[in-house]
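> Handing over model_15.cif, mmCIF, C-alpha atoms and all ligand atoms.
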data_start
loop_
_atom_site.group_PDB
_atom_site.id
_atom_site.type_symbol
_atom_site.label_atom_id
_atom_site.label_comp_id
_atom_site.auth_asym_id
_atom_site.auth_seq_id
_atom_site.Cartn_x
_atom_site.Cartn_y
_atom_site.Cartn_z
ATOM 1 C CA MET L 1 84.225 -14.625 -155.166
ATOM 2 C CA THR L 2 86.792 -13.496 -152.624
ATOM 3 C CA ALA L 3 85.586 -11.148 -149.943
ATOM 4 C CA LYS L 4 86.805 -7.628 -149.481
ATOM 5 C CA ILE L 5 88.353 -7.427 -146.019
ATOM 6 C CA ILE L 6 86.911 -4.626 -143.887
ATOM 7 C CA ASP L 7 89.909 -3.208 -142.034
ATOM 8 C CA GLY L 8 88.846 -2.029 -138.563
ATOM 9 C CA LYS L 9 92.257 -0.533 -137.840
ATOM 10 C CA GLU L 10 92.179 1.647 -140.940
ATOM 11 C CA ILE L 11 88.612 2.878 -140.327
ATOM 12 C CA SER L 12 89.458 3.498 -136.659
ATOM 13 C CA ALA L 13 92.516 5.549 -137.582
ATOM 14 C CA LYS L 14 90.393 7.800 -139.803
ATOM 15 C CA ILE L 15 87.734 8.368 -137.125
ATOM 16 C CA ARG L 16 90.355 8.936 -134.398
ATOM 17 C CA LYS L 17 92.045 11.602 -136.517
ATOM 18 C CA GLU L 18 88.744 13.502 -136.732
ATOM 19 C CA LEU L 19 88.172 13.034 -132.996
ATOM 20 C CA GLU L 20 91.638 14.393 -132.210
ATOM 21 C CA GLN L 21 90.658 17.685 -133.857
ATOM 22 C CA GLU L 22 87.400 17.827 -131.907
ATOM 23 C CA VAL L 23 89.263 17.136 -128.656
ATOM 24 C CA SER L 24 91.647 19.964 -129.435
ATOM 25 C CA ALA L 25 88.764 22.406 -130.108
ATOM 26 C CA LEU L 26 86.939 21.326 -126.923
ATOM 27 C CA THR L 27 90.119 21.691 -124.865
ATOM 28 C CA GLU L 28 90.602 25.214 -126.218
ATOM 29 C CA ALA L 29 87.017 25.968 -125.178
ATOM 30 C CA GLY L 30 87.922 24.816 -121.640
ATOM 31 C CA ILE L 31 86.432 21.312 -121.741
ATOM 32 C CA LYS L 32 89.039 18.585 -122.064
ATOM 33 C CA PRO L 33 87.099 15.327 -122.612
ATOM 34 C CA GLY L 34 87.746 12.938 -119.716
ATOM 35 C CA LEU L 35 87.046 9.207 -119.421
ATOM 36 C CA ALA L 36 87.067 7.263 -116.149
ATOM 37 C CA VAL L 37 87.504 3.504 -116.394
ATOM 38 C CA ILE L 38 86.898 1.245 -113.404
ATOM 39 C CA LEU L 39 88.659 -2.111 -113.383
ATOM 40 C CA VAL L 40 87.633 -4.620 -110.724
ATOM 41 C CA GLY L 41 89.963 -7.556 -110.088
ATOM 42 C CA ASN L 42 92.728 -9.017 -112.156
ATOM 43 C CA ASN L 43 91.200 -10.519 -115.298
ATOM 44 C CA GLN L 44 94.117 -10.378 -117.745
ATOM 45 C CA ALA L 45 92.019 -9.739 -120.875
ATOM 46 C CA SER L 46 90.113 -6.935 -119.105
ATOM 47 C CA ARG L 47 93.391 -5.347 -118.045
ATOM 48 C CA THR L 48 94.617 -5.425 -121.652
ATOM 49 C CA TYR L 49 91.441 -3.735 -122.912
ATOM 50 C CA VAL L 50 91.548 -1.106 -120.166
ATOM 51 C CA THR L 51 95.197 -0.305 -120.913
ATOM 52 C CA SER L 52 94.319 0.020 -124.573
ATOM 53 C CA LYS L 53 91.432 2.391 -123.722
ATOM 54 C CA GLN L 54 93.731 4.566 -121.627
ATOM 55 C CA LYS L 55 96.420 4.731 -124.323
ATOM 56 C CA SER L 56 93.825 5.528 -126.984
ATOM 57 C CA CYS L 57 92.428 8.409 -124.890
ATOM 58 C CA LYS L 58 95.839 9.911 -124.335
ATOM 59 C CA ALA L 59 96.822 9.511 -127.999
ATOM 60 C CA ILE L 60 94.054 11.928 -129.047
ATOM 61 C CA GLY L 61 94.580 14.367 -126.177
ATOM 62 C CA MET L 62 91.824 13.204 -123.823
ATOM 63 C CA LYS L 63 92.081 12.864 -120.056
ATOM 64 C CA SER L 64 92.045 9.291 -118.836
ATOM 65 C CA LEU L 65 91.482 8.165 -115.260
ATOM 66 C CA LEU L 66 91.896 4.545 -114.163
ATOM 67 C CA ILE L 67 90.351 3.341 -110.921
ATOM 68 C CA GLU L 68 91.449 -0.119 -109.852
ATOM 69 C CA LEU L 69 89.502 -2.035 -107.219
ATOM 70 C CA PRO L 70 90.313 -5.453 -105.757
ATOM 71 C CA GLU L 71 88.449 -8.608 -106.865
ATOM 72 C CA ASP L 72 86.687 -8.877 -103.474
ATOM 73 C CA VAL L 73 85.609 -5.206 -103.278
ATOM 74 C CA GLU L 74 82.191 -4.669 -101.678
ATOM 75 C CA GLU L 75 79.511 -3.796 -104.200
ATOM 76 C CA GLN L 76 78.588 -0.642 -102.257
ATOM 77 C CA ILE L 77 82.163 0.696 -102.490
ATOM 78 C CA LEU L 78 82.024 0.367 -106.259
ATOM 79 C CA LEU L 79 78.593 2.053 -106.381
ATOM 80 C CA ASN L 80 79.882 4.912 -104.196
ATOM 81 C CA LYS L 81 82.861 5.395 -106.514
ATOM 82 C CA ILE L 82 80.536 5.636 -109.514
ATOM 83 C CA ALA L 83 78.343 8.179 -107.681
ATOM 84 C CA GLU L 84 81.444 10.265 -106.967
ATOM 85 C CA LEU L 85 82.463 10.194 -110.653
ATOM 86 C CA ASN L 86 78.908 11.104 -111.691
ATOM 87 C CA SER L 87 79.346 14.461 -109.957
ATOM 88 C CA GLN L 88 82.916 15.136 -111.132
ATOM 89 C CA ASN L 89 82.948 17.931 -113.761
ATOM 90 C CA ASP L 90 86.208 16.877 -115.416
ATOM 91 C CA ILE L 91 84.816 13.395 -116.187
ATOM 92 C CA HIS L 92 82.496 13.125 -119.207
ATOM 93 C CA GLY L 93 82.435 9.347 -119.578
ATOM 94 C CA ILE L 94 82.366 6.537 -117.017
ATOM 95 C CA LEU L 95 82.668 2.849 -117.714
ATOM 96 C CA VAL L 96 83.063 -0.236 -115.598
ATOM 97 C CA GLN L 97 84.971 -2.931 -117.443
ATOM 98 C CA LEU L 98 82.954 -6.158 -117.823
ATOM 99 C CA PRO L 99 82.775 -8.909 -116.761
ATOM 100 C CA LEU L 100 82.504 -8.237 -113.024
ATOM 101 C CA PRO L 101 83.094 -10.746 -110.206
ATOM 102 C CA PRO L 102 79.936 -12.798 -109.483
ATOM 103 C CA HIS L 103 79.163 -11.105 -106.132
ATOM 104 C CA ILE L 104 78.599 -7.758 -107.891
ATOM 105 C CA SER L 105 75.349 -7.025 -109.735
ATOM 106 C CA GLU L 106 76.153 -5.834 -113.263
ATOM 107 C CA GLU L 107 72.635 -4.434 -113.481
ATOM 108 C CA LYS L 108 73.009 -2.265 -110.357
ATOM 109 C CA VAL L 109 76.422 -1.032 -111.499
ATOM 110 C CA ILE L 110 75.190 -0.049 -114.948
ATOM 111 C CA GLU L 111 72.111 1.669 -113.507
ATOM 112 C CA THR L 112 74.248 3.702 -111.086
ATOM 113 C CA ILE L 113 76.181 5.363 -113.906
ATOM 114 C CA SER L 114 74.485 8.623 -114.873
ATOM 115 C CA PRO L 115 72.869 8.130 -118.326
ATOM 116 C CA SER L 116 74.551 11.407 -119.376
ATOM 117 C CA LYS L 117 78.002 9.845 -118.727
ATOM 118 C CA ASP L 118 77.180 6.273 -119.833
ATOM 119 C CA VAL L 119 79.588 6.176 -122.780
ATOM 120 C CA ASP L 120 79.257 2.379 -123.012
ATOM 121 C CA GLY L 121 75.586 2.947 -123.891
ATOM 122 C CA PHE L 122 74.475 0.153 -121.534
ATOM 123 C CA HIS L 123 72.124 2.113 -119.199
ATOM 124 C CA PRO L 124 68.428 1.186 -119.707
ATOM 125 C CA VAL L 125 67.642 4.855 -120.391
ATOM 126 C CA ASN L 126 70.124 4.901 -123.269
ATOM 127 C CA ILE L 127 69.058 1.459 -124.505
ATOM 128 C CA GLY L 128 65.448 2.727 -124.523
ATOM 129 C CA LYS L 129 66.465 5.802 -126.492
ATOM 130 C CA MET L 130 68.337 3.615 -128.983
ATOM 131 C CA MET L 131 65.272 1.391 -129.387
ATOM 132 C CA THR L 132 63.033 4.376 -130.078
ATOM 133 C CA GLY L 133 65.544 5.880 -132.514
ATOM 134 C CA GLN L 134 66.469 8.865 -130.323
ATOM 135 C CA ASP L 135 69.895 10.470 -130.240
ATOM 136 C CA THR L 136 71.961 8.849 -127.476
ATOM 137 C CA PHE L 137 75.179 6.973 -126.642
ATOM 138 C CA LEU L 138 75.105 3.767 -128.692
ATOM 139 C CA PRO L 139 76.780 0.574 -127.392
ATOM 140 C CA CYS L 140 80.326 0.731 -128.766
ATOM 141 C CA THR L 141 80.715 -2.644 -130.496
ATOM 142 C CA PRO L 142 77.439 -2.560 -132.489
ATOM 143 C CA PHE L 143 78.000 1.145 -133.165
ATOM 144 C CA GLY L 144 81.420 0.194 -134.561
ATOM 145 C CA VAL L 145 79.817 -2.425 -136.792
ATOM 146 C CA MET L 146 77.430 0.196 -138.215
ATOM 147 C CA GLN L 147 80.344 2.556 -138.872
ATOM 148 C CA MET L 148 82.181 -0.197 -140.747
ATOM 149 C CA LEU L 149 79.147 -0.802 -142.981
ATOM 150 C CA LYS L 150 78.820 2.937 -143.583
ATOM 151 C CA HIS L 151 82.509 3.317 -144.404
ATOM 152 C CA GLU L 152 82.278 0.505 -146.985
ATOM 153 C CA GLN L 153 79.070 2.071 -148.374
ATOM 154 C CA ILE L 154 77.184 -1.166 -147.760
ATOM 155 C CA ALA L 155 73.451 -0.458 -148.020
ATOM 156 C CA VAL L 156 71.456 -1.782 -145.074
ATOM 157 C CA ALA L 157 67.866 -0.771 -145.925
ATOM 158 C CA GLY L 158 65.836 -3.708 -147.224
ATOM 159 C CA LYS L 159 68.615 -6.219 -146.517
ATOM 160 C CA HIS L 160 68.072 -9.337 -144.452
ATOM 161 C CA ALA L 161 70.381 -9.189 -141.422
ATOM 162 C CA VAL L 162 70.820 -12.296 -139.299
ATOM 163 C CA ILE L 163 72.356 -11.920 -135.851
ATOM 164 C CA VAL L 164 73.804 -14.984 -134.150
ATOM 165 C CA GLY L 165 73.941 -14.101 -130.452
ATOM 166 C CA ARG L 166 71.652 -12.245 -128.077
ATOM 167 C CA SER L 167 73.888 -10.596 -125.483
ATOM 168 C CA ASN L 168 72.780 -7.240 -124.098
ATOM 169 C CA ILE L 169 76.027 -5.574 -125.144
ATOM 170 C CA VAL L 170 76.414 -6.904 -128.705
ATOM 171 C CA GLY L 171 73.751 -9.183 -130.230
ATOM 172 C CA LYS L 172 70.563 -7.402 -129.177
ATOM 173 C CA PRO L 173 71.748 -3.830 -129.903
ATOM 174 C CA ALA L 174 73.391 -4.886 -133.199
ATOM 175 C CA GLY L 175 70.005 -6.137 -134.408
ATOM 176 C CA GLN L 176 68.273 -2.979 -133.167
ATOM 177 C CA LEU L 177 70.724 -0.652 -134.941
ATOM 178 C CA LEU L 178 70.308 -2.595 -138.183
ATOM 179 C CA LEU L 179 66.518 -2.430 -137.763
ATOM 180 C CA ASN L 180 66.758 1.336 -137.164
ATOM 181 C CA GLU L 181 68.428 1.495 -140.608
ATOM 182 C CA ASN L 182 65.517 -0.453 -142.139
ATOM 183 C CA ALA L 183 67.047 -3.913 -142.373
ATOM 184 C CA THR L 184 64.838 -6.960 -141.815
ATOM 185 C CA VAL L 185 66.349 -8.594 -138.755
ATOM 186 C CA THR L 186 66.364 -12.196 -137.563
ATOM 187 C CA TYR L 187 67.870 -13.102 -134.193
ATOM 188 C CA CYS L 188 69.396 -16.557 -133.718
ATOM 189 C CA HIS L 189 71.221 -17.961 -130.701
ATOM 190 C CA SER L 190 72.728 -21.067 -129.131
ATOM 191 C CA LYS L 191 69.302 -22.756 -128.892
ATOM 192 C CA THR L 192 68.222 -22.060 -132.483
ATOM 193 C CA PRO L 193 67.755 -25.435 -134.207
ATOM 194 C CA ASP L 194 69.243 -25.839 -137.695
ATOM 195 C CA LEU L 195 71.082 -22.520 -137.480
ATOM 196 C CA ALA L 196 72.473 -22.694 -141.025
ATOM 197 C CA THR L 197 68.924 -22.545 -142.481
ATOM 198 C CA PHE L 198 68.695 -19.012 -141.075
ATOM 199 C CA THR L 199 72.266 -17.806 -141.613
ATOM 200 C CA LYS L 200 72.287 -18.932 -145.266
ATOM 201 C CA LYS L 201 69.495 -16.417 -145.910
ATOM 202 C CA ALA L 202 71.514 -13.505 -144.530
ATOM 203 C CA ASP L 203 72.649 -10.627 -146.724
ATOM 204 C CA ILE L 204 74.390 -9.348 -143.593
ATOM 205 C CA LEU L 205 75.512 -11.934 -141.058
ATOM 206 C CA VAL L 206 76.661 -10.809 -137.606
ATOM 207 C CA ALA L 207 78.376 -13.555 -135.616
ATOM 208 C CA ALA L 208 78.436 -12.770 -131.902
ATOM 209 C CA VAL L 209 77.967 -16.126 -130.251
ATOM 210 C CA GLY L 210 81.377 -16.711 -128.636
ATOM 211 C CA ARG L 211 82.261 -20.064 -130.242
ATOM 212 C CA ALA L 212 85.568 -20.313 -132.088
ATOM 213 C CA LYS L 213 85.227 -20.674 -135.889
ATOM 214 C CA MET L 214 81.696 -22.123 -135.708
ATOM 215 C CA ILE L 215 80.476 -20.209 -138.786
ATOM 216 C CA THR L 216 81.876 -22.256 -141.645
ATOM 217 C CA ALA L 217 81.263 -21.938 -145.413
ATOM 218 C CA ASP L 218 78.006 -23.931 -145.120
ATOM 219 C CA TYR L 219 76.449 -21.138 -143.035
ATOM 220 C CA ILE L 220 77.067 -18.358 -145.566
ATOM 221 C CA LYS L 221 75.173 -17.153 -148.635
ATOM 222 C CA ASP L 222 77.355 -16.278 -151.655
ATOM 223 C CA GLY L 223 78.349 -12.619 -151.515
ATOM 224 C CA ALA L 224 77.096 -12.018 -147.945
ATOM 225 C CA VAL L 225 78.566 -9.355 -145.671
ATOM 226 C CA VAL L 226 80.091 -11.302 -142.764
ATOM 227 C CA ILE L 227 80.750 -9.384 -139.556
ATOM 228 C CA ASP L 228 82.692 -11.322 -136.939
ATOM 229 C CA VAL L 229 82.334 -10.013 -133.384
ATOM 230 C CA GLY L 230 83.788 -13.158 -131.779
ATOM 231 C CA MET L 231 86.914 -13.031 -129.630
ATOM 232 C CA ASN L 232 88.058 -16.582 -128.921
ATOM 233 C CA ARG L 233 91.213 -18.696 -128.742
ATOM 234 C CA ASP L 234 91.635 -21.606 -131.173
ATOM 235 C CA GLU L 235 93.161 -24.996 -130.297
ATOM 236 C CA ASN L 236 96.664 -23.455 -130.525
ATOM 237 C CA GLY L 237 95.773 -20.535 -128.275
ATOM 238 C CA LYS L 238 95.658 -18.139 -131.237
ATOM 239 C CA LEU L 239 93.073 -15.338 -131.216
ATOM 240 C CA CYS L 240 90.189 -16.086 -133.599
ATOM 241 C CA GLY L 241 86.589 -15.079 -134.209
ATOM 242 C CA ASP L 242 83.293 -16.961 -134.407
ATOM 243 C CA VAL L 243 83.782 -17.234 -138.174
ATOM 244 C CA ASP L 244 86.161 -19.671 -139.847
ATOM 245 C CA PHE L 245 87.870 -16.951 -141.861
ATOM 246 C CA GLU L 246 89.707 -19.265 -144.299
ATOM 247 C CA GLN L 247 86.448 -20.977 -145.264
ATOM 248 C CA ALA L 248 84.232 -17.896 -145.221
ATOM 249 C CA ALA L 249 86.393 -15.400 -147.125
ATOM 250 C CA PRO L 250 86.146 -17.121 -150.550
ATOM 251 C CA LYS L 251 82.338 -17.191 -150.253
ATOM 252 C CA ALA L 252 81.535 -13.797 -148.707
ATOM 253 C CA GLY L 253 81.341 -10.393 -150.404
ATOM 254 C CA PHE L 254 82.802 -8.540 -147.413
ATOM 255 C CA ILE L 255 84.315 -9.909 -144.208
ATOM 256 C CA THR L 256 85.824 -8.535 -141.003
ATOM 257 C CA PRO L 257 88.981 -10.247 -139.682
ATOM 258 C CA VAL L 258 89.830 -11.131 -136.067
ATOM 259 C CA PRO L 259 92.017 -9.505 -134.894
ATOM 260 C CA GLY L 260 91.890 -6.152 -136.671
ATOM 261 C CA GLY L 261 88.172 -5.989 -137.451
ATOM 262 C CA VAL L 262 85.414 -5.059 -135.042
ATOM 263 C CA GLY L 263 87.676 -5.049 -131.925
ATOM 264 C CA PRO L 264 89.527 -1.796 -132.667
ATOM 265 C CA MET L 265 86.222 -0.127 -133.592
ATOM 266 C CA THR L 266 84.868 -0.812 -130.075
ATOM 267 C CA ILE L 267 87.478 1.448 -128.507
ATOM 268 C CA THR L 268 87.150 4.058 -131.262
ATOM 269 C CA MET L 269 83.409 4.390 -130.664
ATOM 270 C CA LEU L 270 84.074 4.687 -126.921
ATOM 271 C CA LEU L 271 86.273 7.697 -127.694
ATOM 272 C CA TYR L 272 83.541 9.023 -129.982
ATOM 273 C CA ASN L 273 80.910 8.711 -127.230
ATOM 274 C CA THR L 274 83.145 10.450 -124.682
ATOM 275 C CA VAL L 275 83.770 13.345 -127.060
ATOM 276 C CA LYS L 276 80.008 13.485 -127.714
ATOM 277 C CA SER L 277 79.407 13.731 -123.956
ATOM 278 C CA ALA L 278 81.918 16.596 -123.629
ATOM 279 C CA LYS L 279 80.230 18.362 -126.568
ATOM 280 C CA ASN L 280 76.872 17.990 -124.780
ATOM 281 C CA VAL L 281 78.384 19.781 -121.760
ATOM 282 C CA LEU L 282 79.677 22.600 -123.977
ATOM 283 C CA ASN L 283 76.312 22.969 -125.724
ATOM 284 C CA ASN L 284 74.454 23.080 -122.400
ATOM 285 C CA ARG L 285 76.870 25.742 -121.125
ATOM 286 C CA ASN L 286 76.350 27.997 -124.168
HETATM 287 N N1 LIG L 301 82.445 -2.006 -120.123
HETATM 288 C C1 LIG L 301 82.689 -2.767 -121.197
HETATM 289 N N2 LIG L 301 83.178 -4.013 -121.014
HETATM 290 C C2 LIG L 301 83.407 -4.785 -122.122
HETATM 291 C C3 LIG L 301 83.187 -4.283 -123.429
HETATM 292 C C4 LIG L 301 82.672 -2.978 -123.574
HETATM 293 O O1 LIG L 301 82.396 -2.477 -124.694
HETATM 294 N N3 LIG L 301 82.446 -2.261 -122.429
HETATM 295 N N4 LIG L 301 83.553 -5.040 -124.546
HETATM 296 C C5 LIG L 301 84.384 -6.217 -124.385
HETATM 297 C C6 LIG L 301 85.870 -5.971 -124.328
HETATM 298 N N5 LIG L 301 86.399 -4.833 -125.091
HETATM 299 C C7 LIG L 301 86.237 -3.594 -124.580
HETATM 300 O O2 LIG L 301 86.014 -3.373 -123.431
HETATM 301 C C8 LIG L 301 87.239 -5.012 -126.242
HETATM 302 C C9 LIG L 301 87.476 -6.261 -126.790
HETATM 303 C C10 LIG L 301 88.382 -6.400 -127.857
HETATM 304 C C11 LIG L 301 89.029 -5.316 -128.387
HETATM 305 C C12 LIG L 301 90.062 -5.429 -129.471
HETATM 306 O O3 LIG L 301 90.536 -4.421 -129.956
HETATM 307 N N6 LIG L 301 90.469 -6.623 -129.850
HETATM 308 C C13 LIG L 301 91.574 -6.783 -130.763
HETATM 309 C C14 LIG L 301 92.431 -7.945 -130.307
HETATM 310 C C15 LIG L 301 93.017 -7.724 -128.961
HETATM 311 C C16 LIG L 301 93.964 -8.845 -128.547
HETATM 312 O O4 LIG L 301 94.969 -9.028 -129.231
HETATM 313 O O5 LIG L 301 93.675 -9.498 -127.532
HETATM 314 C C17 LIG L 301 91.074 -7.050 -132.173
HETATM 315 O O6 LIG L 301 89.977 -7.585 -132.335
HETATM 316 O O7 LIG L 301 91.801 -6.695 -133.096
HETATM 317 C C18 LIG L 301 88.785 -4.071 -127.839
HETATM 318 C C19 LIG L 301 87.898 -3.920 -126.778
HETATM 319 C C20 LIG L 301 84.006 -6.933 -123.084
HETATM 320 N N7 LIG L 301 83.915 -6.038 -121.981
#
Render the structure in this file as structure tokens.

Amino acid sequence: MTAKIIDGKEISAKIRKELEQEVSALTEAGIKPGLAVILVGNNQASRTYVTSKQKSCKAIGMKSLLIELPEDVEEQILLNKIAELNSQNDIHGILVQLPLPPHISEEKVIETISPSKDVDGFHPVNIGKMMTGQDTFLPCTPFGVMQMLKHEQIAVAGKHAVIVGRSNIVGKPAGQLLLNENATVTYCHSKTPDLATFTKKADILVAAVGRAKMITADYIKDGAVVIDVGMNRDENGKLCGDVDFEQAAPKAGFITPVPGGVGPMTITMLLYNTVKSAKNVLNNRN
């Protein structure tokens, strides 16, 4: 078997086209969706992602505001900036690019963003709503994964999904979203002994552990759906995922590449959430 490659760029393009039309309709109704992104410090990868978010907003007609703060900014200054954006009517989504410098509490920052503008879907209120199956902003990367499965018409109900990784922004919510769609979910992580025993049972395997190419052919069941959320550099400095693509592709049924898989979907779902927030404002006005 050779896996079908799930093309995140292609799926993103389709969703962004639909969003562009919604942005146009909202703008005509007097609500141009606006996203504020806060970048603290000079992490090069973060800067690249933030630039990409800004460009993507503008490409579909949304307003994009970038706030740059120095690496040594006081936590309170950042919190004050968020509070200011919370009350700004032209801003429908606020996100603070992660990771943050160690002197700033990620938890405090996330909890200062108004849940109604938390388009990253990281606020405990929104996480709680996701866990109880209520309508809310879903964390963008796992939301993107679910959209990829939907686009490929991959049934989730009754399937055994194994998640490798337990981060708050990817692993945990990915498992929850799959559970919400009636998958049976197993969480594994860096301290799981004999990892392959678990992953080999997966109909859907989500690799989000942050170790370059660690999921080799031996970890994969024939025909499995392999979703690679990893973003690493290999020994030659080339971007690669947590899955050894060359080994996994002949064994899997479906596979996402890195780059060009889940990554582009993360930004697309951020746009989706920001448009959703602007639509909420319109609906509350009417
Ligand atoms: N506040 C947030 N911080 C971070 C998030 C997030 O969702 N919210 N996620 C990641 C970084 N991230 C978005 O912020 C992100 C990572 C990767 C990609 C992407 O498109 N990757 C490309 C490759 C890019 C490259 O060449 O370097 C791909 O996979 O094709 C988009 C967004 C951590 N921080």
> Suppose a student applies the PyMOL selection byres (((not hetatm)) within 7 of (chain L and resi 301)) to this structure; what residues should they get, written as a list in words?
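Here the PyMOL selection byres (((not hetatm)) within 7 of (chain L and resi 301)) matches Ala45, Ser46, Tyr49, Val50, Leu95, Val96, Gln97, Leu98, Pro99, Asp120, Pro139, Cys140, Thr141, Met231, Leu239, Val258, Pro259, Gly260, Gly261, Val262, Gly263, Pro264, Thr266 and Ile267 of chain L.
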> Evaluate the PyMOL selection byres (((chain L and resi 129-133) around 12) and not hetatm) against this structure - the residues, as a ChimeraX atom specification, please.
/L:115,121-128,134-139,142-143,172-182
> From the list L:Glu152, L:Asp7, L:Asp218, L:Glu75, which residue is nearest L:Lys108 when using only C-alpha atoms?
L:Glu75
> When you draw a straight line from atom CA of L:His151 to atom CA of L:Lys4, how long is it in Å?
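One can read the atom CA of L:His151 to atom CA of L:Lys4 distance as 12.8 Å.
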> Could you work out how far atom CA of L:Lys117 lies from atom CA of L:Gly61, giving the answer in Å with one decimal?
18.7 Å
> Please write as a list in words the list of polymer residues whose atoms come within 12 Å of (90.8, 22.5, -125.9), counting only C-alpha atoms and keeping to the coordinates of the file.
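Protein and nucleic acid residues near the point are Glu20, Gln21, Glu22, Val23, Ser24, Ala25, Leu26, Thr27, Glu28, Ala29, Gly30, Ile31, Lys32, Pro33, Gly34, Ile60, Gly61, Met62, Lys63, Val275, Ala278, Lys279 and Leu282 of chain L.
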> With all atoms listed in the file as the counted atoms, please give the residues lying no more than 10 Å from L:Gln247, apart from itself and same-chain residues fewer than 4 positions off, as an mmCIF file with C-alpha atoms, keeping the file's coordinate frame.

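Saved file selection.cif follows:
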data_model
loop_
_atom_site.group_PDB
_atom_site.id
_atom_site.type_symbol
_atom_site.label_atom_id
_atom_site.label_comp_id
_atom_site.auth_asym_id
_atom_site.auth_seq_id
_atom_site.Cartn_x
_atom_site.Cartn_y
_atom_site.Cartn_z
ATOM 1 C CA LYS L 213 85.227 -20.674 -135.889
ATOM 2 C CA ILE L 215 80.476 -20.209 -138.786
ATOM 3 C CA THR L 216 81.876 -22.256 -141.645
ATOM 4 C CA ALA L 217 81.263 -21.938 -145.413
ATOM 5 C CA ASP L 218 78.006 -23.931 -145.120
ATOM 6 C CA ILE L 220 77.067 -18.358 -145.566
ATOM 7 C CA VAL L 243 83.782 -17.234 -138.174
ATOM 8 C CA LYS L 251 82.338 -17.191 -150.253
ATOM 9 C CA ALA L 252 81.535 -13.797 -148.707
#
> Which neighbours of L:Glu68 fall inside 7 Å, counting all atoms listed in the file, when residues of the same chain fewer than 2 positions from it are skipped, and could you give them as a PDB file with C-alpha atoms, keeping the file's coordinate frame?

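Generated output (result_2.pdb):
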ATOM      1  CA  ILE L  38      86.898   1.245-113.404  1.00  0.00           C
ATOM      2  CA  LEU L  39      88.659  -2.111-113.383  1.00  0.00           C
ATOM      3  CA  VAL L  40      87.633  -4.620-110.724  1.00  0.00           C
ATOM      4  CA  LEU L  66      91.896   4.545-114.163  1.00  0.00           C
ATOM      5  CA  PRO L  70      90.313  -5.453-105.757  1.00  0.00           C
TER       6      PRO L  70
END
> Using atom CA of L:Ala161 and atom CA of L:Ala212 as the two end points, give the distance in Å to one decimal.
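These atoms are spaced 21.0 Å apart.
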> Using only C-alpha atoms, which residue out of L:Lys221, L:Lys191, L:Lys55, L:Arg211 lies closest to L:Cys240?
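Result for the nearest residue to L:Cys240: L:Arg211.
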> Please list as a list of chain:residue names every residue within 7 Å of L:Thr112, counting all atoms listed in the file and excluding residues in the same chain fewer than 3 positions away.
L:Leu79, L:Ile82, L:Ala83, L:Lys108, L:Val109
> When you count only C-alpha atoms, which of these residues is closest to L:Asp72: L:Thr256, L:Asn42, L:Thr274, L:Thr199?
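For L:Asp72, the nearest of the given residues is L:Asn42.
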